[in-house]
Amino acid sequence: MTGLLQRKFFVRWGLPLFMGASATLLLFAALILAAHKADETARSRQVDLLRLIVDTMTSSVAHDQESATVWDDAVQNVVANDQEWMDANLGAWMHSYFGHDAAVILSPQDQLIYAHIADPGNPAVTLNIVETARPLAERLRLRLAQGEQPQGTETLSIGESDIREIAGRAAIVSVKPIVSDSGEVGPPAGEEYLHVAIRYLDGGFVERIAAEYQFADLAFVRDGITSSRYLAFPVRTRAGDTIGFFRWQPFSPGASVIASVSPFIVAVGVGIVLLTSILGSRLWQRTRHLAASQLELRHLAMHDPLTGLANRTTFQQELEERLSLSKPGVVHAVLFIDLDHFKAVNDTHGHPIGDKLIKQVATRLIAVAPNGLVCRLGGDEFTLLLTLEDPHEAEQVAEQVVSTLHEPFLIDGLHLQVGASVGVAFSSDGMEAADLTRHADIALYHAKAAGRNAFAIFGAHMEELLRRRRKLEEALRQALMDGTGIEVCYQPVYATSDGAVRSLEALCRWRHPELGSIPPDVFIPIAEEAGLIQALGQFVMNDACSLLAEISDSDVTIAVNASVIELMAPGYPLRVLDILARHGIEPRRLEIEITETVATDSGGRAAAAIALLRSVGVRFAVDDFGKGNSSFGHLLNLEVDRIKIDKIFIEGLASPDGRPLIEAIVNMARHKGLKTTAEGVETIEQLEVLTMLGCDNLQGFQLSEPLRRDNVARLFGSAEKRSSTV
């Protein structure tokens with residue numbers, strides 16, 4: 001009886017308990033093993049991910065440098081030691097746009113000529129950077145002197161980079177030569193100026209990595225001792241020296257799951273299956289997150305982070321692949337797209353608005369060419385790669401791009417209009433990717449030179465035209481240096497009240513020794529693009545004030561045009577006042593003519609310059625009022641003394657709406673207390689109507705053509721007035 005009871009107990013309780021306990025222990029052991037492997041996998045992936053992040057960042061810093069160091073302008077301005085230019089393009093801009101922590105420029109003798117430190121708290125850090133970068137600079141100079149060239153199409157110039165210690169902080173140090181993109185300027189090989197970029201691996205870099213890739217308690221430390229709680233990844237120089245560690249609390253999905261499910265496994269063996277399923281689900285989710293992070297990192301390496309479009313690397317790879325696999329009858333077209341006046345949007349409304357504009361541009365380009373590869377090279381530059389059977393389709397796409405990007409953009413309540421210039425080039429048999437992109441770039445240059453908001457298709461003649469434009473730029477530079485060929489003419493401005501000459505407008509003229517007279521609408525844009533506009537403006541201002549000093553009538557004023565670039569340049573008001581003082585001219589006798597776009601300078605630099613000059617008596621006028629996007633509302637944001645009504649309104653006097661429109665402009669100007677001058681008066685009928693409508697002053701060929709300096713002297717030597725005409 002006792003045996004039966006014992007057997008019953010065994011069958012009803014003992015065996016099930018044994019089997020349940022055995023099954024539970026086996027499942028628990030399997031769970032522990034799986035959790036341990038999952039933890040190891042997760043830790044290994046985090047280590048690999050961190051290594052990939054550091055390697056990618058090192059390559060990215062060097063790639064960022066090439067956006068400004070492979071550039072003719074960079075070579076010329078660094079050689080000229082233009083600190084302002086270097087700060088705007090090679091220092092502060094690198095920090096604001098790419099997040100570089102520091103940048104220095106070394107002379108061919110490895111002497112420091114410029115430094116930008118984002119956090120200037122440690123004054124000795126600049127010298128530390130120079131000394132740290134010196135070995136890299138020496139190796140790079142040796143390679144440059146030996147004529148070494150970059151490999152592949154992704155790299156524009158060779159460089160040296162390493163992870164080094166700077167002032168107790170680990171940092172990526174990248175050294176790149178400042179070289180010509182055209183190959184026509186620059187010192188001999190090995191004597192280039194060098195650009196050194198610094199990106200620290202601690203501080204903000206650690207915080208960003210921790211936030212984006214979920215590294216718990218991530219920190220950069222000197223001691224790499226690991227424990228069950230922390231992992232450490234060594235940061236080594238190229239020579240293998242360890243200068244610090246990334247230490248973090250590793251992601252341990254297995255351990256966390258065991259802690260949560262153990263009570264249920266012990267209590268109920270049947271629940272093991274369900275809990276194991278939950279464990280698998282959680283492990284899969286966490287593992288998928290890590291895998292997604294790696295995919296995202298690879299995606300970022302091949303795509304533009306702002307727009308999601310393919311980047312320069314992807315474009316080059318895809319272009320090379322298509323050209324290598326090209327079949328007869330198939331043509332590959334490359335469209336280089338550059339937004340017109342995008343910099344003005346950034347300067348006026350700020351980079352957040354500019355970023356939103358870039359995104360909308362990307363959306364429109366995708367809509368125009370859904371079957372093409374749309375890429376963003378950086379800034380406001382885009383490319384479009386098309387594979388076609390009919391080349392005319394590319395022309396149609398280019399025309400659509402120009403048309404759709406010319407339409408206004410609505411961003412945060414602002415209506416912005418930028419337009420675009422497009423360069424188109426077609427592949428031919430055996431053509432290399434570099435040649436095709438160069439052709440598209442040359443075509444883009446011609447589209448911009450033709451007046452922007454247009455497209456141009458590459459032709460063999462374009463290279464010659466480009467060389468001629470560069471030659472023209474050099475001739476203008478030489479003319480300003482020599483003071484020959486540049487002449488200032490003066491067009492009188494007459495008062496409608498008594499016909500007397502009230503003012504003279506200074507107009508710059510240039511006679512090329514070989515090409516003859518060059519129109520201002522040709523050489524003024526060249527001066528602006530080549531950085532010569534300030535020297536040209538100073539030449540005109542000096543000539544005008546010296547002439548004004550010879551005119552005895554103190555009521556006669558002189559008007560000089562100033563571009564937005566001049567007004568926003570540091571020290572512009574002081575240069576103007578210096579010229580006035582040198583010639584003994586009262587500030588009230590000078591009037592500076594500006595375009596109405598100055599009113600949109602959100603940075604306030606132009607407004608500050610205007611306010612300073614007006615405070616001492618210099619007058620300002622808005623030139624070409626009514627042309628383009630001009631509006632009277634903009635004048636409310638700009639302190640001026642006069643508006644000059646554009647000649648398009650004068651030419652329209654014969655139309656039904658012409659006279660009321662000018663009358664409205666004059667009345668609005670009077671309401672604001674502004675004087676008015678009508679430009680382009682070419683007929684006696686226009687003169688009479690404008691006088692009747694109340695314009696204060698008139699200017700145009702009907703009254704007088706622009707006069708040379710000696711003729712101006714004779715004009716004021718005569719007592720005869722123009723009252724019989726006005």
# chains A, B, ... in the order shown; residues from 1 in each chain; ligands from 1

call {"tool": "select_by_dssp", "arguments": {"residues": "range 460-671 of chain A", "states": "helix (DSSP H, G or I)", "output": "NGL selection string"}}
result
:A and (460-482 or 520-529 or 533-550 or 564-568 or 572-583 or 587-589 or 596-600 or 605-615 or 632-635 or 647-654 or 658-671)

call {"tool": "write_last_selection", "arguments": {"atoms": "C-alpha atoms", "output": "short mmCIF file (atom, residue, chain, number, x, y, z; two decimals), in the first residue's frame"}}
result
data_model
loop_
_atom_site.label_atom_id
_atom_site.label_comp_id
_atom_site.auth_asym_id
_atom_site.auth_seq_id
_atom_site.Cartn_x
_atom_site.Cartn_y
_atom_site.Cartn_z
CA ALA A 460 33.88 72.97 -78.30
CA HIS A 461 33.92 76.76 -78.59
CA MET A 462 33.04 77.19 -74.93
CA GLU A 463 36.48 76.34 -73.65
CA GLU A 464 37.90 79.12 -75.78
CA LEU A 465 35.23 81.55 -74.54
CA LEU A 466 36.04 80.61 -70.96
CA ARG A 467 39.70 81.29 -71.56
CA ARG A 468 38.77 84.67 -73.08
CA ARG A 469 36.68 85.60 -70.03
CA ARG A 470 39.53 84.71 -67.71
CA LYS A 471 41.84 86.77 -69.89
CA LEU A 472 39.36 89.65 -69.63
CA GLU A 473 39.38 89.29 -65.85
CA GLU A 474 43.17 89.50 -65.77
CA ALA A 475 43.11 92.52 -68.07
CA LEU A 476 40.66 94.29 -65.75
CA ARG A 477 42.84 93.46 -62.77
CA GLN A 478 45.88 94.87 -64.59
CA ALA A 479 43.97 97.98 -65.66
CA LEU A 480 43.06 98.72 -62.04
CA MET A 481 46.66 98.18 -60.97
CA ASP A 482 48.07 100.40 -63.72
CA PRO A 520 29.66 98.04 -67.90
CA ASP A 521 27.15 95.18 -67.84
CA VAL A 522 30.04 92.95 -68.93
CA PHE A 523 32.93 94.11 -66.76
CA ILE A 524 30.97 94.99 -63.59
CA PRO A 525 29.83 91.35 -63.01
CA ILE A 526 33.40 90.22 -63.75
CA ALA A 527 34.68 92.65 -61.13
CA GLU A 528 32.17 91.34 -58.58
CA GLU A 529 33.00 87.69 -59.24
CA ILE A 533 34.54 95.53 -57.24
CA GLN A 534 35.86 97.32 -54.14
CA ALA A 535 38.99 98.50 -55.94
CA LEU A 536 36.89 99.61 -58.92
CA GLY A 537 34.40 101.44 -56.69
CA GLN A 538 37.21 103.19 -54.83
CA PHE A 539 38.73 104.31 -58.15
CA VAL A 540 35.42 105.84 -59.28
CA MET A 541 34.77 107.44 -55.89
CA ASN A 542 38.22 109.04 -55.82
CA ASP A 543 37.89 110.39 -59.38
CA ALA A 544 34.41 111.77 -58.69
CA CYS A 545 35.43 113.55 -55.50
CA SER A 546 38.52 115.04 -57.13
CA LEU A 547 36.30 116.45 -59.91
CA LEU A 548 33.78 117.78 -57.40
CA ALA A 549 36.60 119.63 -55.63
CA GLU A 550 37.21 121.59 -58.87
CA VAL A 564 25.78 95.52 -52.25
CA ILE A 565 29.17 93.83 -51.95
CA GLU A 566 30.87 97.19 -51.36
CA LEU A 567 28.33 98.35 -48.80
CA MET A 568 28.60 95.15 -46.77
CA TYR A 572 33.43 100.84 -46.36
CA PRO A 573 32.13 103.98 -44.52
CA LEU A 574 35.64 104.83 -43.31
CA ARG A 575 37.06 104.55 -46.84
CA VAL A 576 34.36 106.89 -48.17
CA LEU A 577 34.97 109.45 -45.42
CA ASP A 578 38.72 109.24 -46.01
CA ILE A 579 38.29 110.10 -49.71
CA LEU A 580 35.94 113.00 -48.88
CA ALA A 581 38.42 114.39 -46.35
CA ARG A 582 41.37 113.98 -48.72
CA HIS A 583 39.66 116.14 -51.38
CA PRO A 587 29.67 114.90 -47.09
CA ARG A 588 26.35 116.49 -48.11
CA ARG A 589 27.67 116.90 -51.69
CA GLU A 596 16.82 98.34 -53.57
CA THR A 597 17.97 94.79 -52.71
CA VAL A 598 20.14 96.34 -49.98
CA ALA A 599 16.93 96.63 -47.95
CA THR A 600 16.79 92.83 -47.61
CA ARG A 605 25.74 95.36 -42.30
CA ALA A 606 24.52 97.46 -45.22
CA ALA A 607 21.99 99.31 -43.04
CA ALA A 608 24.71 100.08 -40.49
CA ALA A 609 27.01 101.48 -43.19
CA ILE A 610 24.18 103.62 -44.59
CA ALA A 611 23.24 104.90 -41.12
CA LEU A 612 26.85 105.86 -40.33
CA LEU A 613 27.36 107.75 -43.59
CA ARG A 614 23.96 109.48 -43.41
CA SER A 615 24.73 110.61 -39.85
CA PHE A 632 7.88 100.90 -52.49
CA GLY A 633 7.26 98.76 -49.40
CA HIS A 634 10.93 97.85 -49.30
CA LEU A 635 11.79 101.56 -49.00
CA LYS A 647 13.75 104.20 -67.56
CA ILE A 648 11.31 101.34 -68.21
CA PHE A 649 8.61 103.57 -66.66
CA ILE A 650 9.78 106.54 -68.72
CA GLU A 651 9.58 104.49 -71.91
CA GLY A 652 6.05 103.46 -70.91
CA LEU A 653 4.71 107.01 -70.66
CA ALA A 654 2.96 106.58 -73.99
CA GLY A 658 2.32 104.84 -67.86
CA ARG A 659 1.47 108.32 -66.63
CA PRO A 660 -0.65 107.26 -63.58
CA LEU A 661 2.05 104.85 -62.49
CA ILE A 662 4.79 107.51 -62.47
CA GLU A 663 2.42 109.93 -60.75
CA ALA A 664 1.79 107.33 -58.01
CA ILE A 665 5.53 106.82 -57.53
CA VAL A 666 6.14 110.55 -57.25
CA ASN A 667 3.27 110.98 -54.74
CA MET A 668 4.46 108.09 -52.59
CA ALA A 669 8.00 109.47 -52.61
CA ARG A 670 6.76 112.89 -51.50
CA HIS A 671 4.74 111.26 -48.71
#

call {"tool": "residues_around", "arguments": {"residues": "Ile457 in chain A", "least_positions_apart": "6", "cutoff": "8 Å", "atoms": "only C-alpha atoms", "output": "list in words"}}
result
Gly423, Val424, Ala425, Ala440 and Ala443 of chain A

call {"tool": "residues_around", "arguments": {"residues": "Leu707 in chain A", "least_positions_apart": "2", "cutoff": "9 Å", "atoms": "only C-alpha atoms", "output": "compact mmCIF listing (two decimals) with N, CA and C atoms, in the first residue's frame"}}
result
# COMPACT_ATOMS: atom_id res chain seq x y z
N VAL A 488 36.22 107.56 -66.00
CA VAL A 488 34.94 107.91 -65.40
C VAL A 488 34.33 109.05 -66.20
N CYS A 489 33.10 108.83 -66.70
CA CYS A 489 32.34 109.88 -67.37
C CYS A 489 31.23 110.35 -66.44
N TYR A 490 30.66 111.51 -66.75
CA TYR A 490 29.69 112.12 -65.85
C TYR A 490 28.49 112.60 -66.64
N GLN A 491 27.29 112.14 -66.22
CA GLN A 491 26.07 112.57 -66.89
C GLN A 491 25.35 113.57 -66.00
N PRO A 492 25.08 114.76 -66.50
CA PRO A 492 24.43 115.79 -65.68
C PRO A 492 22.99 115.41 -65.34
N SER A 704 21.46 115.56 -71.83
CA SER A 704 22.92 115.51 -72.02
C SER A 704 23.39 114.08 -71.99
N GLU A 705 24.33 113.76 -72.87
CA GLU A 705 24.99 112.47 -72.82
C GLU A 705 26.04 112.51 -71.72
N ARG A 709 35.65 114.20 -68.42
CA ARG A 709 36.00 115.10 -67.32
C ARG A 709 36.26 116.54 -67.81
N ASP A 710 36.99 116.69 -68.92
CA ASP A 710 37.30 118.04 -69.41
C ASP A 710 36.05 118.76 -69.89
N ASN A 711 35.07 118.01 -70.44
CA ASN A 711 33.82 118.63 -70.89
C ASN A 711 32.96 119.08 -69.71
N VAL A 712 33.07 118.36 -68.57
CA VAL A 712 32.34 118.78 -67.37
C VAL A 712 32.84 120.15 -66.90

call {"tool": "atom_distance", "arguments": {"atom1": "CA of Val345 in chain A", "atom2": "CA of Ala92 in chain A"}}
result
19.0 Å

call {"tool": "select_by_dssp", "arguments": {"residues": "range 481-706 of chain A", "states": "strand (DSSP E or B)", "output": "PDB file with N, CA and C atoms, in the first residue's frame"}}
result
ATOM      1  N   ILE A 486      40.766 102.616 -67.640  1.00  0.00           N
ATOM      2  CA  ILE A 486      39.561 102.889 -66.856  1.00  0.00           C
ATOM      3  C   ILE A 486      39.334 104.399 -66.837  1.00  0.00           C
ATOM      4  N   GLU A 487      38.124 104.798 -67.211  1.00  0.00           N
ATOM      5  CA  GLU A 487      37.787 106.223 -67.262  1.00  0.00           C
ATOM      6  C   GLU A 487      36.417 106.429 -66.633  1.00  0.00           C
ATOM      7  N   VAL A 488      36.225 107.561 -65.998  1.00  0.00           N
ATOM      8  CA  VAL A 488      34.942 107.913 -65.403  1.00  0.00           C
ATOM      9  C   VAL A 488      34.330 109.054 -66.197  1.00  0.00           C
ATOM     10  N   CYS A 489      33.103 108.829 -66.696  1.00  0.00           N
ATOM     11  CA  CYS A 489      32.340 109.879 -67.372  1.00  0.00           C
ATOM     12  C   CYS A 489      31.232 110.348 -66.438  1.00  0.00           C
ATOM     13  N   TYR A 490      30.662 111.513 -66.752  1.00  0.00           N
ATOM     14  CA  TYR A 490      29.690 112.120 -65.848  1.00  0.00           C
ATOM     15  C   TYR A 490      28.489 112.602 -66.644  1.00  0.00           C
ATOM     16  N   GLN A 491      27.293 112.141 -66.222  1.00  0.00           N
ATOM     17  CA  GLN A 491      26.068 112.569 -66.888  1.00  0.00           C
ATOM     18  C   GLN A 491      25.350 113.571 -65.996  1.00  0.00           C
ATOM     19  N   PRO A 492      25.083 114.759 -66.496  1.00  0.00           N
ATOM     20  CA  PRO A 492      24.428 115.792 -65.678  1.00  0.00           C
ATOM     21  C   PRO A 492      22.990 115.406 -65.336  1.00  0.00           C
ATOM     22  N   VAL A 493      22.545 115.875 -64.200  1.00  0.00           N
ATOM     23  CA  VAL A 493      21.165 115.722 -63.739  1.00  0.00           C
ATOM     24  C   VAL A 493      20.603 117.128 -63.564  1.00  0.00           C
ATOM     25  N   TYR A 494      19.474 117.412 -64.221  1.00  0.00           N
ATOM     26  CA  TYR A 494      18.930 118.769 -64.262  1.00  0.00           C
ATOM     27  C   TYR A 494      17.692 118.886 -63.382  1.00  0.00           C
ATOM     28  N   ALA A 495      17.547 120.049 -62.751  1.00  0.00           N
ATOM     29  CA  ALA A 495      16.368 120.337 -61.943  1.00  0.00           C
ATOM     30  C   ALA A 495      15.234 120.773 -62.850  1.00  0.00           C
ATOM     31  N   VAL A 501      21.925 122.543 -63.580  1.00  0.00           N
ATOM     32  CA  VAL A 501      22.564 121.254 -63.292  1.00  0.00           C
ATOM     33  C   VAL A 501      22.685 121.121 -61.785  1.00  0.00           C
ATOM     34  N   ARG A 502      22.007 120.141 -61.231  1.00  0.00           N
ATOM     35  CA  ARG A 502      22.020 119.940 -59.789  1.00  0.00           C
ATOM     36  C   ARG A 502      23.028 118.878 -59.352  1.00  0.00           C
ATOM     37  N   SER A 503      23.308 117.941 -60.272  1.00  0.00           N
ATOM     38  CA  SER A 503      24.161 116.831 -59.855  1.00  0.00           C
ATOM     39  C   SER A 503      24.813 116.203 -61.073  1.00  0.00           C
ATOM     40  N   LEU A 504      25.815 115.391 -60.816  1.00  0.00           N
ATOM     41  CA  LEU A 504      26.490 114.613 -61.847  1.00  0.00           C
ATOM     42  C   LEU A 504      26.531 113.162 -61.391  1.00  0.00           C
ATOM     43  N   GLU A 505      26.189 112.247 -62.294  1.00  0.00           N
ATOM     44  CA  GLU A 505      26.299 110.825 -61.959  1.00  0.00           C
ATOM     45  C   GLU A 505      27.579 110.273 -62.570  1.00  0.00           C
ATOM     46  N   ALA A 506      28.433 109.668 -61.732  1.00  0.00           N
ATOM     47  CA  ALA A 506      29.698 109.089 -62.185  1.00  0.00           C
ATOM     48  C   ALA A 506      29.435 107.732 -62.821  1.00  0.00           C
ATOM     49  N   LEU A 507      29.882 107.568 -64.073  1.00  0.00           N
ATOM     50  CA  LEU A 507      29.680 106.337 -64.823  1.00  0.00           C
ATOM     51  C   LEU A 507      31.039 105.797 -65.266  1.00  0.00           C
ATOM     52  N   CYS A 508      31.315 104.554 -64.895  1.00  0.00           N
ATOM     53  CA  CYS A 508      32.631 103.970 -65.185  1.00  0.00           C
ATOM     54  C   CYS A 508      32.659 103.412 -66.604  1.00  0.00           C
ATOM     55  N   ARG A 509      33.766 103.646 -67.314  1.00  0.00           N
ATOM     56  CA  ARG A 509      33.964 103.131 -68.665  1.00  0.00           C
ATOM     57  C   ARG A 509      35.322 102.446 -68.733  1.00  0.00           C
ATOM     58  N   TRP A 510      35.403 101.400 -69.546  1.00  0.00           N
ATOM     59  CA  TRP A 510      36.673 100.658 -69.680  1.00  0.00           C
ATOM     60  C   TRP A 510      36.944 100.402 -71.154  1.00  0.00           C
ATOM     61  N   ARG A 511      38.122 100.818 -71.586  1.00  0.00           N
ATOM     62  CA  ARG A 511      38.548 100.562 -72.962  1.00  0.00           C
ATOM     63  C   ARG A 511      39.704  99.573 -72.924  1.00  0.00           C
ATOM     64  N   HIS A 512      39.422  98.361 -73.465  1.00  0.00           N
ATOM     65  CA  HIS A 512      40.442  97.301 -73.506  1.00  0.00           C
ATOM     66  C   HIS A 512      41.431  97.608 -74.626  1.00  0.00           C
ATOM     67  N   GLY A 516      38.737  97.021 -77.398  1.00  0.00           N
ATOM     68  CA  GLY A 516      38.029  98.286 -77.449  1.00  0.00           C
ATOM     69  C   GLY A 516      37.156  98.484 -76.219  1.00  0.00           C
ATOM     70  N   SER A 517      36.035  99.198 -76.420  1.00  0.00           N
ATOM     71  CA  SER A 517      35.159  99.544 -75.305  1.00  0.00           C
ATOM     72  C   SER A 517      34.409  98.307 -74.795  1.00  0.00           C
ATOM     73  N   ILE A 518      34.495  98.066 -73.481  1.00  0.00           N
ATOM     74  CA  ILE A 518      33.800  96.944 -72.840  1.00  0.00           C
ATOM     75  C   ILE A 518      32.610  97.510 -72.073  1.00  0.00           C
ATOM     76  N   THR A 557      26.072 118.477 -56.515  1.00  0.00           N
ATOM     77  CA  THR A 557      26.460 117.223 -55.857  1.00  0.00           C
ATOM     78  C   THR A 557      26.908 116.225 -56.909  1.00  0.00           C
ATOM     79  N   ILE A 558      27.437 115.133 -56.429  1.00  0.00           N
ATOM     80  CA  ILE A 558      27.870 114.074 -57.346  1.00  0.00           C
ATOM     81  C   ILE A 558      27.348 112.745 -56.838  1.00  0.00           C
ATOM     82  N   ALA A 559      26.916 111.868 -57.751  1.00  0.00           N
ATOM     83  CA  ALA A 559      26.342 110.561 -57.395  1.00  0.00           C
ATOM     84  C   ALA A 559      27.279 109.464 -57.864  1.00  0.00           C
ATOM     85  N   VAL A 560      27.539 108.523 -56.969  1.00  0.00           N
ATOM     86  CA  VAL A 560      28.410 107.387 -57.260  1.00  0.00           C
ATOM     87  C   VAL A 560      27.660 106.102 -56.926  1.00  0.00           C
ATOM     88  N   ASN A 561      27.682 105.139 -57.841  1.00  0.00           N
ATOM     89  CA  ASN A 561      27.016 103.858 -57.592  1.00  0.00           C
ATOM     90  C   ASN A 561      27.863 102.990 -56.669  1.00  0.00           C
ATOM     91  N   LEU A 590      27.917 114.485 -51.573  1.00  0.00           N
ATOM     92  CA  LEU A 590      28.065 113.133 -52.135  1.00  0.00           C
ATOM     93  C   LEU A 590      26.755 112.376 -51.978  1.00  0.00           C
ATOM     94  N   GLU A 591      26.317 111.772 -53.078  1.00  0.00           N
ATOM     95  CA  GLU A 591      25.134 110.907 -53.051  1.00  0.00           C
ATOM     96  C   GLU A 591      25.552 109.525 -53.547  1.00  0.00           C
ATOM     97  N   ILE A 592      25.264 108.501 -52.763  1.00  0.00           N
ATOM     98  CA  ILE A 592      25.614 107.124 -53.124  1.00  0.00           C
ATOM     99  C   ILE A 592      24.353 106.413 -53.600  1.00  0.00           C
ATOM    100  N   GLU A 593      24.411 105.907 -54.832  1.00  0.00           N
ATOM    101  CA  GLU A 593      23.265 105.213 -55.405  1.00  0.00           C
ATOM    102  C   GLU A 593      23.391 103.716 -55.139  1.00  0.00           C
ATOM    103  N   ILE A 594      22.333 103.148 -54.579  1.00  0.00           N
ATOM    104  CA  ILE A 594      22.315 101.727 -54.237  1.00  0.00           C
ATOM    105  C   ILE A 594      21.108 101.073 -54.882  1.00  0.00           C
ATOM    106  N   ARG A 619      24.346 111.493 -48.640  1.00  0.00           N
ATOM    107  CA  ARG A 619      22.987 111.178 -49.065  1.00  0.00           C
ATOM    108  C   ARG A 619      22.970 109.852 -49.826  1.00  0.00           C
ATOM    109  N   PHE A 620      21.788 109.232 -49.837  1.00  0.00           N
ATOM    110  CA  PHE A 620      21.631 107.954 -50.525  1.00  0.00           C
ATOM    111  C   PHE A 620      20.407 107.994 -51.433  1.00  0.00           C
ATOM    112  N   ALA A 621      20.537 107.307 -52.563  1.00  0.00           N
ATOM    113  CA  ALA A 621      19.439 107.212 -53.523  1.00  0.00           C
ATOM    114  C   ALA A 621      19.273 105.749 -53.929  1.00  0.00           C
ATOM    115  N   VAL A 622      18.019 105.359 -54.182  1.00  0.00           N
ATOM    116  CA  VAL A 622      17.730 104.017 -54.682  1.00  0.00           C
ATOM    117  C   VAL A 622      17.701 104.087 -56.198  1.00  0.00           C
ATOM    118  N   ASP A 623      18.647 103.407 -56.840  1.00  0.00           N
ATOM    119  CA  ASP A 623      18.766 103.442 -58.296  1.00  0.00           C
ATOM    120  C   ASP A 623      17.834 102.409 -58.918  1.00  0.00           C
ATOM    121  N   ASP A 624      17.421 102.659 -60.168  1.00  0.00           N
ATOM    122  CA  ASP A 624      16.605 101.715 -60.952  1.00  0.00           C
ATOM    123  C   ASP A 624      15.340 101.315 -60.212  1.00  0.00           C
ATOM    124  N   PHE A 625      14.687 102.274 -59.522  1.00  0.00           N
ATOM    125  CA  PHE A 625      13.474 101.929 -58.793  1.00  0.00           C
ATOM    126  C   PHE A 625      12.398 101.439 -59.770  1.00  0.00           C
ATOM    127  N   ARG A 642      16.516 109.767 -51.844  1.00  0.00           N
ATOM    128  CA  ARG A 642      16.016 109.954 -53.205  1.00  0.00           C
ATOM    129  C   ARG A 642      15.745 108.588 -53.830  1.00  0.00           C
ATOM    130  N   ILE A 643      14.788 108.552 -54.756  1.00  0.00           N
ATOM    131  CA  ILE A 643      14.607 107.380 -55.602  1.00  0.00           C
ATOM    132  C   ILE A 643      14.754 107.810 -57.059  1.00  0.00           C
ATOM    133  N   LYS A 644      15.388 106.949 -57.841  1.00  0.00           N
ATOM    134  CA  LYS A 644      15.571 107.214 -59.270  1.00  0.00           C
ATOM    135  C   LYS A 644      14.651 106.273 -60.039  1.00  0.00           C
ATOM    136  N   ILE A 645      13.669 106.842 -60.701  1.00  0.00           N
ATOM    137  CA  ILE A 645      12.661 106.058 -61.408  1.00  0.00           C
ATOM    138  C   ILE A 645      13.298 105.439 -62.646  1.00  0.00           C
ATOM    139  N   LYS A 675      13.122 112.825 -52.571  1.00  0.00           N
ATOM    140  CA  LYS A 675      13.214 113.457 -53.871  1.00  0.00           C
ATOM    141  C   LYS A 675      13.135 112.386 -54.960  1.00  0.00           C
ATOM    142  N   THR A 676      12.785 112.823 -56.188  1.00  0.00           N
ATOM    143  CA  THR A 676      12.688 111.876 -57.301  1.00  0.00           C
ATOM    144  C   THR A 676      13.517 112.362 -58.477  1.00  0.00           C
ATOM    145  N   THR A 677      14.133 111.405 -59.161  1.00  0.00           N
ATOM    146  CA  THR A 677      14.867 111.677 -60.400  1.00  0.00           C
ATOM    147  C   THR A 677      14.402 110.676 -61.443  1.00  0.00           C
ATOM    148  N   ALA A 678      14.030 111.153 -62.618  1.00  0.00           N
ATOM    149  CA  ALA A 678      13.611 110.281 -63.717  1.00  0.00           C
ATOM    150  C   ALA A 678      14.811 110.020 -64.617  1.00  0.00           C
ATOM    151  N   ASN A 697      13.989 116.025 -60.554  1.00  0.00           N
ATOM    152  CA  ASN A 697      15.155 116.100 -61.424  1.00  0.00           C
ATOM    153  C   ASN A 697      14.997 115.151 -62.600  1.00  0.00           C
ATOM    154  N   LEU A 698      15.704 115.480 -63.712  1.00  0.00           N
ATOM    155  CA  LEU A 698      15.638 114.689 -64.929  1.00  0.00           C
ATOM    156  C   LEU A 698      17.048 114.372 -65.401  1.00  0.00           C
TER     157      LEU A 698
END

call {"tool": "closest_residue", "arguments": {"among": "A:Leu339, A:Val401, A:Asp202, A:Ala394", "to": "Ile366 in chain A", "atoms": "only C-alpha atoms"}}
result
A:Val401

call {"tool": "atom_distance", "arguments": {"atom1": "CA of Gln146 in chain A", "atom2": "CA of Ile166 in chain A"}}
result
29.4 Å

call {"tool": "closest_residue", "arguments": {"among": "A:Thr484, A:Gln699, A:Ser252, A:Gln46", "to": "Phe233 in chain A", "atoms": "only C-alpha atoms"}}
result
A:Gln46

call {"tool": "residues_around", "arguments": {"residues": "Ala88 in chain A", "least_positions_apart": "6", "cutoff": "12 Å", "atoms": "only C-alpha atoms", "output": "PyMOL selection string"}}
result
chain A and resi 68+74+77-78+82+94-97+103+114-116+569

call {"tool": "write_last_selection", "arguments": {"atoms": "C-alpha atoms", "output": "PDB file, in the first residue's frame"}}
result
ATOM      1  CA  ALA A  68      37.125  75.195 -50.596  1.00  0.00           C
ATOM      2  CA  ALA A  74      41.496  80.112 -52.580  1.00  0.00           C
ATOM      3  CA  ASN A  77      43.462  84.985 -51.735  1.00  0.00           C
ATOM      4  CA  VAL A  78      45.737  82.878 -49.525  1.00  0.00           C
ATOM      5  CA  ASP A  82      43.452  88.152 -47.453  1.00  0.00           C
ATOM      6  CA  MET A  94      34.178  75.488 -42.284  1.00  0.00           C
ATOM      7  CA  HIS A  95      33.023  75.660 -38.677  1.00  0.00           C
ATOM      8  CA  SER A  96      29.486  76.882 -39.364  1.00  0.00           C
ATOM      9  CA  TYR A  97      28.820  74.634 -42.372  1.00  0.00           C
ATOM     10  CA  ALA A 103      41.335  75.524 -39.034  1.00  0.00           C
ATOM     11  CA  TYR A 114      45.796  82.241 -40.433  1.00  0.00           C
ATOM     12  CA  ALA A 115      43.928  80.469 -37.648  1.00  0.00           C
ATOM     13  CA  HIS A 116      40.274  80.034 -36.722  1.00  0.00           C
ATOM     14  CA  ALA A 569      32.404  95.128 -46.836  1.00  0.00           C
TER      15      ALA A 569
END
